[in-house]
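upload29.cif (mmCIF, C-alpha atoms) appears below.
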data_data
loop_
_atom_site.label_atom_id
_atom_site.label_comp_id
_atom_site.auth_asym_id
_atom_site.auth_seq_id
_atom_site.Cartn_x
_atom_site.Cartn_y
_atom_site.Cartn_z
CA MET Z 1 0.00 0.00 0.00
CA SER Z 2 2.77 2.41 -0.95
CA GLU Z 3 0.18 4.91 -2.20
CA PHE Z 4 -0.78 5.61 1.43
CA LYS Z 5 1.51 7.90 3.41
CA LEU Z 6 1.71 8.21 7.18
CA GLU Z 7 0.80 11.61 8.64
CA LYS Z 8 0.76 12.59 12.31
CA PHE Z 9 -1.43 15.23 13.88
CA THR Z 10 -1.33 16.67 17.39
CA ASP Z 11 -4.24 17.23 19.77
CA GLY Z 12 -6.53 20.02 18.53
CA GLN Z 13 -4.94 20.25 15.08
CA PHE Z 14 -7.36 20.57 12.19
CA ILE Z 15 -6.80 17.85 9.60
CA CYS Z 16 -9.24 19.40 7.12
CA LYS Z 17 -11.81 22.17 7.20
CA SER Z 18 -15.40 22.43 6.01
CA GLY Z 19 -15.63 23.97 2.54
CA ASP Z 20 -12.07 23.04 1.60
CA PRO Z 21 -11.53 21.03 -1.58
CA ALA Z 22 -11.57 17.31 -0.76
CA THR Z 23 -8.10 16.35 -1.94
CA HIS Z 24 -7.22 13.45 0.37
CA LEU Z 25 -8.79 10.39 1.93
CA TYR Z 26 -7.74 9.32 5.45
CA PHE Z 27 -7.57 5.99 7.26
CA LEU Z 28 -7.35 6.49 11.02
CA GLN Z 29 -4.57 4.19 12.19
CA GLU Z 30 -4.10 5.50 15.74
CA GLY Z 31 -6.21 7.80 17.90
CA GLU Z 32 -9.54 9.41 17.17
CA VAL Z 33 -10.82 12.59 15.52
CA GLU Z 34 -13.76 14.94 16.04
CA LEU Z 35 -16.25 16.19 13.48
CA VAL Z 36 -16.54 19.95 13.99
CA SER Z 37 -19.31 22.27 12.80
CA ALA Z 38 -18.82 25.71 11.22
CA THR Z 39 -19.36 27.24 14.67
CA GLY Z 40 -16.54 25.16 16.14
CA GLN Z 41 -18.84 22.74 17.96
CA ALA Z 42 -17.77 19.06 18.00
CA PHE Z 43 -20.74 16.89 16.95
CA GLY Z 44 -19.26 13.46 16.44
CA ILE Z 45 -16.23 11.25 16.85
CA ILE Z 46 -14.58 8.94 14.37
CA PRO Z 47 -12.76 6.12 16.17
CA GLN Z 48 -9.53 4.34 15.32
CA GLY Z 49 -9.79 1.88 12.43
CA GLN Z 50 -12.30 3.91 10.45
CA SER Z 51 -11.81 6.19 7.47
CA PHE Z 52 -12.92 9.72 6.78
CA GLY Z 53 -12.87 12.11 3.86
CA GLU Z 54 -14.25 9.56 1.42
CA ALA Z 55 -15.63 12.51 -0.57
CA ALA Z 56 -12.09 12.74 -1.90
CA ILE Z 57 -13.05 9.92 -4.22
CA LEU Z 58 -15.26 12.57 -5.83
CA ARG Z 59 -12.81 14.64 -7.77
CA GLY Z 60 -13.73 18.23 -7.12
CA GLY Z 61 -15.72 17.38 -3.99
CA ILE Z 62 -16.00 19.77 -1.06
CA ARG Z 63 -15.52 18.90 2.63
CA GLY Z 64 -18.86 18.79 4.42
CA ALA Z 65 -17.37 19.13 7.93
CA SER Z 66 -14.13 19.99 9.65
CA ILE Z 67 -12.03 17.24 11.22
CA ARG Z 68 -9.91 17.87 14.32
CA ALA Z 69 -7.47 15.55 16.09
CA LYS Z 70 -8.68 14.49 19.54
CA GLY Z 71 -5.37 13.60 21.14
CA ASP Z 72 -2.42 12.57 19.02
CA VAL Z 73 -3.43 10.93 15.77
CA VAL Z 74 -1.72 8.87 13.08
CA CYS Z 75 -3.41 8.56 9.69
CA GLN Z 76 -2.73 6.73 6.46
CA VAL Z 77 -3.37 9.34 3.79
CA ILE Z 78 -3.89 9.06 0.06
CA ALA Z 79 -4.53 11.77 -2.53
CA ASN Z 80 -7.83 11.60 -4.43
CA ASP Z 81 -6.34 10.91 -7.86
CA GLN Z 82 -4.13 8.16 -6.41
CA ALA Z 83 -7.14 6.71 -4.58
CA ALA Z 84 -9.13 6.58 -7.79
CA GLU Z 85 -6.23 4.90 -9.59
CA LEU Z 86 -5.75 2.46 -6.72
CA LEU Z 87 -9.42 1.46 -6.78
CA SER Z 88 -9.36 1.02 -10.55
CA SER Z 89 -6.20 -1.07 -10.34
CA TYR Z 90 -8.04 -3.73 -8.35
CA SER Z 91 -11.18 -3.70 -10.49
CA PRO Z 92 -13.32 -1.15 -12.32
CA LEU Z 93 -16.17 -2.65 -10.33
CA LEU Z 94 -14.52 -1.47 -7.10
CA VAL Z 95 -14.91 2.14 -8.26
CA VAL Z 96 -18.59 1.40 -8.94
CA ILE Z 97 -19.01 -0.19 -5.50
CA MET Z 98 -17.39 2.77 -3.75
CA GLU Z 99 -19.44 5.31 -5.68
CA ALA Z 100 -22.66 3.36 -5.08
CA LEU Z 101 -21.95 3.10 -1.32
CA LEU Z 102 -21.33 6.85 -1.17
CA LEU Z 103 -24.54 7.49 -3.12
CA GLN Z 104 -26.43 5.21 -0.71
CA GLN Z 105 -24.92 7.25 2.15
CA ALA Z 106 -26.16 10.49 0.55
CA MET Z 107 -29.60 8.91 0.12
CA ASN Z 108 -29.70 7.76 3.75
CA ASN Z 109 -28.67 11.21 4.98
CA ALA Z 110 -31.49 12.74 2.91
CA ILE Z 111 -33.99 10.24 4.32
CA LYS Z 112 -32.89 10.93 7.90
CA HIS Z 113 -33.08 14.69 7.48
CA ALA Z 114 -36.27 14.88 5.36
CA MET N 3 -18.98 -10.87 2.21
CA ILE N 4 -18.03 -8.36 4.91
CA LYS N 5 -18.88 -9.26 8.52
CA HIS N 6 -21.02 -6.77 10.36
CA SER N 7 -22.42 -6.48 13.87
CA PRO N 8 -26.00 -5.28 13.47
CA ASN N 9 -27.06 -2.15 15.31
CA HIS N 10 -30.17 -2.02 17.50
CA ASP N 11 -33.41 -0.74 16.03
CA SER N 12 -34.49 2.66 17.20
CA ALA N 13 -38.08 3.82 17.60
CA LYS N 14 -39.52 4.83 14.26
CA SER N 15 -42.08 7.49 13.66
CA VAL N 16 -44.81 7.16 11.07
CA MET N 17 -43.83 8.90 7.84
CA ASN N 18 -45.82 10.24 4.96
CA GLU N 19 -46.23 7.51 2.35
CA ASN N 20 -46.40 9.95 -0.52
CA MET N 21 -43.23 11.81 0.33
CA LEU N 22 -40.35 11.41 -2.15
CA LYS N 23 -37.43 11.21 0.26
CA PHE N 24 -34.61 11.16 -2.24
CA SER N 25 -34.27 11.76 -5.94
CA VAL N 26 -31.87 13.32 -8.38
CA ASP N 27 -33.01 15.17 -11.51
CA ALA N 28 -32.05 12.36 -13.87
CA GLU N 29 -33.44 14.15 -16.92
CA ARG N 30 -31.39 17.31 -16.30
CA LEU N 31 -28.24 15.34 -15.50
CA GLY N 32 -28.70 13.17 -18.58
CA LYS N 33 -28.80 16.26 -20.79
CA LEU N 34 -25.37 17.36 -19.51
CA GLY N 35 -23.79 14.49 -21.43
CA PRO N 36 -21.27 11.76 -20.59
CA ASN N 37 -18.20 14.03 -20.77
CA PHE N 38 -19.56 16.82 -18.59
CA LEU N 39 -17.82 15.69 -15.39
CA GLN N 40 -14.41 15.74 -17.08
CA SER N 41 -14.99 19.18 -18.59
CA LYS N 42 -13.92 22.48 -17.02
CA GLU N 43 -17.59 23.43 -16.86
CA GLY N 44 -18.28 20.23 -14.92
CA GLN N 45 -15.39 20.80 -12.50
CA ASP N 46 -16.52 24.39 -11.97
CA ALA N 47 -20.07 23.19 -11.31
CA LEU N 48 -18.78 20.77 -8.65
CA ALA N 49 -16.55 23.39 -7.06
CA SER N 50 -19.35 25.95 -6.92
CA GLY N 51 -21.83 23.46 -5.50
CA SER N 52 -24.29 23.84 -8.39
CA LEU N 53 -23.61 20.16 -9.11
CA LYS N 54 -23.89 18.17 -5.88
CA GLY N 55 -21.80 15.18 -4.90
CA HIS N 56 -24.78 12.84 -5.29
CA ASP N 57 -25.44 14.26 -8.79
CA ARG N 58 -21.84 13.49 -9.74
CA LEU N 59 -22.06 9.96 -8.33
CA PHE N 60 -25.31 9.30 -10.17
CA MET N 61 -23.89 10.54 -13.46
CA SER N 62 -20.83 8.35 -13.10
CA LEU N 63 -22.79 5.23 -12.12
CA ALA N 64 -25.55 5.74 -14.69
CA SER N 65 -22.97 5.92 -17.48
CA SER N 66 -21.08 2.84 -16.29
CA SER N 67 -20.88 0.13 -18.93
CA ILE N 68 -19.98 -2.64 -16.49
CA LEU N 69 -23.44 -2.83 -14.89
CA ASN N 70 -26.42 -4.37 -16.65
CA THR N 71 -29.79 -2.64 -16.79
CA THR N 72 -33.29 -4.03 -16.24
CA LEU N 73 -36.84 -2.72 -15.98
CA PHE N 74 -39.34 -3.47 -13.20
CA ILE N 75 -43.05 -3.13 -13.97
CA PRO N 76 -45.37 -1.24 -11.58
CA GLY N 77 -46.27 -3.36 -8.56
CA LYS N 78 -43.20 -5.59 -8.77
CA LYS N 79 -41.71 -6.36 -5.35
CA ILE N 80 -38.00 -5.83 -5.94
CA ILE N 81 -36.78 -6.80 -2.46
CA GLU N 82 -38.97 -8.23 0.32
CA THR N 83 -38.67 -7.96 4.08
CA GLY N 84 -36.92 -10.92 5.70
CA GLU N 85 -35.46 -12.30 2.48
CA GLN N 86 -31.86 -12.57 1.35
CA PHE N 87 -31.28 -11.00 -2.04
CA ASP N 88 -28.68 -11.47 -4.76
CA ASP N 89 -28.47 -7.98 -6.27
CA ALA N 90 -28.48 -4.34 -5.23
CA TYR N 91 -29.96 -1.70 -7.53
CA LEU N 92 -29.31 1.85 -8.64
CA VAL N 93 -32.57 3.51 -9.71
CA LEU N 94 -32.10 5.26 -13.06
CA ASN N 95 -35.70 6.46 -13.31
CA GLY N 96 -39.11 5.77 -11.81
CA GLU N 97 -40.34 5.58 -8.21
CA ILE N 98 -40.00 2.91 -5.54
CA GLN N 99 -42.03 2.55 -2.36
CA ILE N 100 -40.07 1.49 0.71
CA THR N 101 -42.01 -0.05 3.60
CA GLN N 102 -40.27 -0.90 6.86
CA LYS N 103 -42.23 -1.55 10.05
CA ASP N 104 -44.24 1.63 10.57
CA LYS N 105 -42.35 3.63 7.94
CA SER N 106 -43.30 4.06 4.31
CA TYR N 107 -41.83 6.46 1.80
CA LYS N 108 -40.88 6.82 -1.84
CA LEU N 109 -37.48 6.96 -3.49
CA GLY N 110 -36.66 8.17 -6.98
CA ALA N 111 -33.78 8.25 -9.44
CA GLY N 112 -30.36 8.02 -7.82
CA SER N 113 -31.51 5.78 -4.98
CA VAL N 114 -29.32 2.80 -4.14
CA ILE N 115 -31.35 -0.13 -2.89
CA GLY N 116 -29.89 -2.86 -0.68
CA LEU N 117 -26.17 -2.44 -1.34
CA SER N 118 -24.78 -2.08 2.18
CA GLU N 119 -27.27 -4.62 3.54
CA GLY N 120 -26.40 -7.19 0.91
CA MET N 121 -22.64 -6.66 1.23
CA VAL N 122 -22.79 -7.85 4.85
CA GLY N 123 -25.30 -10.62 4.12
CA LEU N 124 -28.24 -9.15 6.00
CA ALA N 125 -31.78 -10.21 5.19
CA SER N 126 -33.77 -7.20 4.07
CA LYS N 127 -35.45 -5.09 6.77
CA PHE N 128 -37.66 -3.44 4.16
CA THR N 129 -39.79 -4.18 1.14
CA ALA N 130 -39.06 -2.22 -2.04
CA THR N 131 -41.91 -2.09 -4.56
CA ALA N 132 -41.91 -0.47 -7.99
CA MET N 133 -44.65 2.20 -8.05
CA THR N 134 -44.03 3.08 -11.71
CA SER N 135 -41.95 1.46 -14.41
CA VAL N 136 -38.53 1.50 -12.78
CA LYS N 137 -35.30 1.26 -14.73
CA VAL N 138 -32.31 0.14 -12.67
CA LYS N 139 -28.65 -0.76 -12.92
CA ILE N 140 -27.97 -4.14 -11.28
CA ILE N 141 -25.09 -4.63 -8.82
CA PRO N 142 -24.71 -8.43 -8.36
CA PHE N 143 -23.27 -9.49 -5.00
CA HIS N 144 -21.37 -12.46 -6.45
CA ARG N 145 -19.33 -9.95 -8.48
CA VAL N 146 -18.94 -7.65 -5.46
CA ASP N 147 -17.72 -10.54 -3.29
CA ALA N 148 -15.13 -11.53 -5.88
CA VAL N 149 -13.65 -8.02 -5.73
CA LEU N 150 -13.73 -7.81 -1.93
CA LYS N 151 -11.66 -10.99 -1.57
CA VAL N 152 -8.56 -9.39 -3.08
CA LEU N 153 -8.70 -6.05 -1.25
CA PRO N 154 -5.94 -4.95 1.15
CA PRO N 155 -6.99 -4.14 4.75
CA GLU N 156 -6.94 -0.34 4.30
CA LEU N 157 -9.33 -0.35 1.35
CA ARG N 158 -11.52 -2.94 3.02
CA ALA N 159 -11.68 -0.76 6.15
CA ILE N 160 -12.77 2.22 4.08
CA LEU N 161 -15.64 0.20 2.58
CA VAL N 162 -16.61 -1.13 6.02
CA THR N 163 -16.69 2.43 7.40
CA ILE N 164 -19.18 3.55 4.76
CA ILE N 165 -21.27 0.39 5.16
CA LYS N 166 -21.48 0.91 8.94
CA ARG N 167 -22.64 4.49 8.41
CA ASN N 168 -25.26 3.29 5.95
CA LEU N 169 -26.58 0.64 8.33
CA ALA N 170 -26.66 2.90 11.39
CA PRO N 171 -30.25 3.57 12.53
#
Would you kindly transcribe this structure into structure tokens?
Amino acid sequence: MSEFKLEKFTDGQFICKSGDPATHLYFLQEGEVELVSATGQAFGIIPQGQSFGEAAILRGGIRGASIRAKGDVVCQVIANDQAAELLSSYSPLLVVIMEALLLQQAMNNAIKHA
Amino acid sequence: MIKHSPNHDSAKSVMNENMLKFSVDAERLGKLGPNFLQSKEGQDALASGSLKGHDRLFMSLASSSILNTTLFIPGKKIIETGEQFDDAYLVLNGEIQITQKDKSYKLGAGSVIGLSEGMVGLASKFTATAMTSVKVKIIPFHRVDAVLKVLPPELRAILVTIIKRNLAP
């Protein structure tokens, strides 16, 4: 998985901010991160072993929330174009699966908030 | 197949059966053409927010040549509560009624039916019925499983993260 690079973040450091271009996808190897609203309010936690920033798969996507390190954090990081190439290298169907899961997520969010 | 620990059911409120809970404007997106997303105009539309992420995903999936298409007639039960199912579906056009316990609502173009559930081998918790003629792209789980077997842990974990979010009550 040479396409992924290790990045470390310290407690309170913003990893990405709402409205920024979604250029990277993150896999949370150590620690946990907070989802932060535009007003600076934490409204959720992403635990170790999960990913965030999957919108990076959407070239040209925009971050929907800010992400802040809660304690020291180590992430595996991959740029969006490399992520798309990596997915395609395993199977074109993997790109379809990822896009369909993200579309199902958008649908579920719309259902929950309707 | 990805293993999943099911979440508990939360209390559900009664919803309006006639409400279309999710739909993209498939006709408008179709008119933009297959190369729109790669164009500067398409990139600008994404950056400005005039083209939403779910619009972009729908356009990409709808134009995919690796998924077969089929048509369900009105009244056809596409997936039934309590049953295992072999395929997930992307709705290209038409309307589907979802019924689940005391909930009932409609979904339109752009809806993805049963993908996360089927990827972890869950029996369906809902019934999906075609309310109109419904054209769909088919995502067969035997093909999905074949791809999942060769994935490295990091990519698998990313898929599992999205699936867990989709299955959360």
task: Would you write out, as number ranges by chain, every residue that the PyMOL selection byres ((chain N and resi 111) around 6) captures in this file?
output: N: 25-26, 93-95, 110, 112-113
query: Nearest to chain Z among N:Lys137, N:Lys54, N:His144, N:Lys33, with distances taken over all atoms listed in the file: which residue is it?
result: N:Lys54
task: Tell me which residues the PyMOL selection byres ((chain Z) within 10 of (chain N)) grabs here, as a PyMOL selection string.
output: chain Z and resi 1+4+19-21+25-29+46+49-55+57-62+76+83+86-87+90-114
Output of the PyMOL selection byres ((chain N and resi 127) around 6), listed as a VMD selection string: chain N and resid 83 126 128
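In terms of minimum interatomic distance to Glu119 in chain N, N:Glu85 ranks closest within N:Arg30, N:Ala64, N:Lys42, N:Glu85, counting all atoms listed in the file.
Taking all atoms listed in the file into account, Glu29 in chain N lies nearest to N:Gly96 out of the set N:Lys78, N:Gly96, N:Thr71, N:Lys139.
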Atom pair CA of Lys8 in chain Z / CA of Ser88 in chain Z: separation (Å): 27.5 Å
- line: Between Z:Glu3, Z:Asp81, Z:Asp72, Z:Glu34, smallest distance to Ala22 in chain Z by only C-alpha atoms belongs to Z:Asp81
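The space separating CA of Arg63 in chain Z from CA of Phe43 in chain Z comes to 15.4 Å.
Note that CA of Thr10 in chain Z and CA of Gly71 in chain Z are 6.3 Å apart.
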query: What's the 7 Å shell around Pro47 in chain Z, counting only C-alpha atoms, without same-chain residues fewer than 6 positions away, as a PyMOL selection string?
result: chain Z and resi 31-33
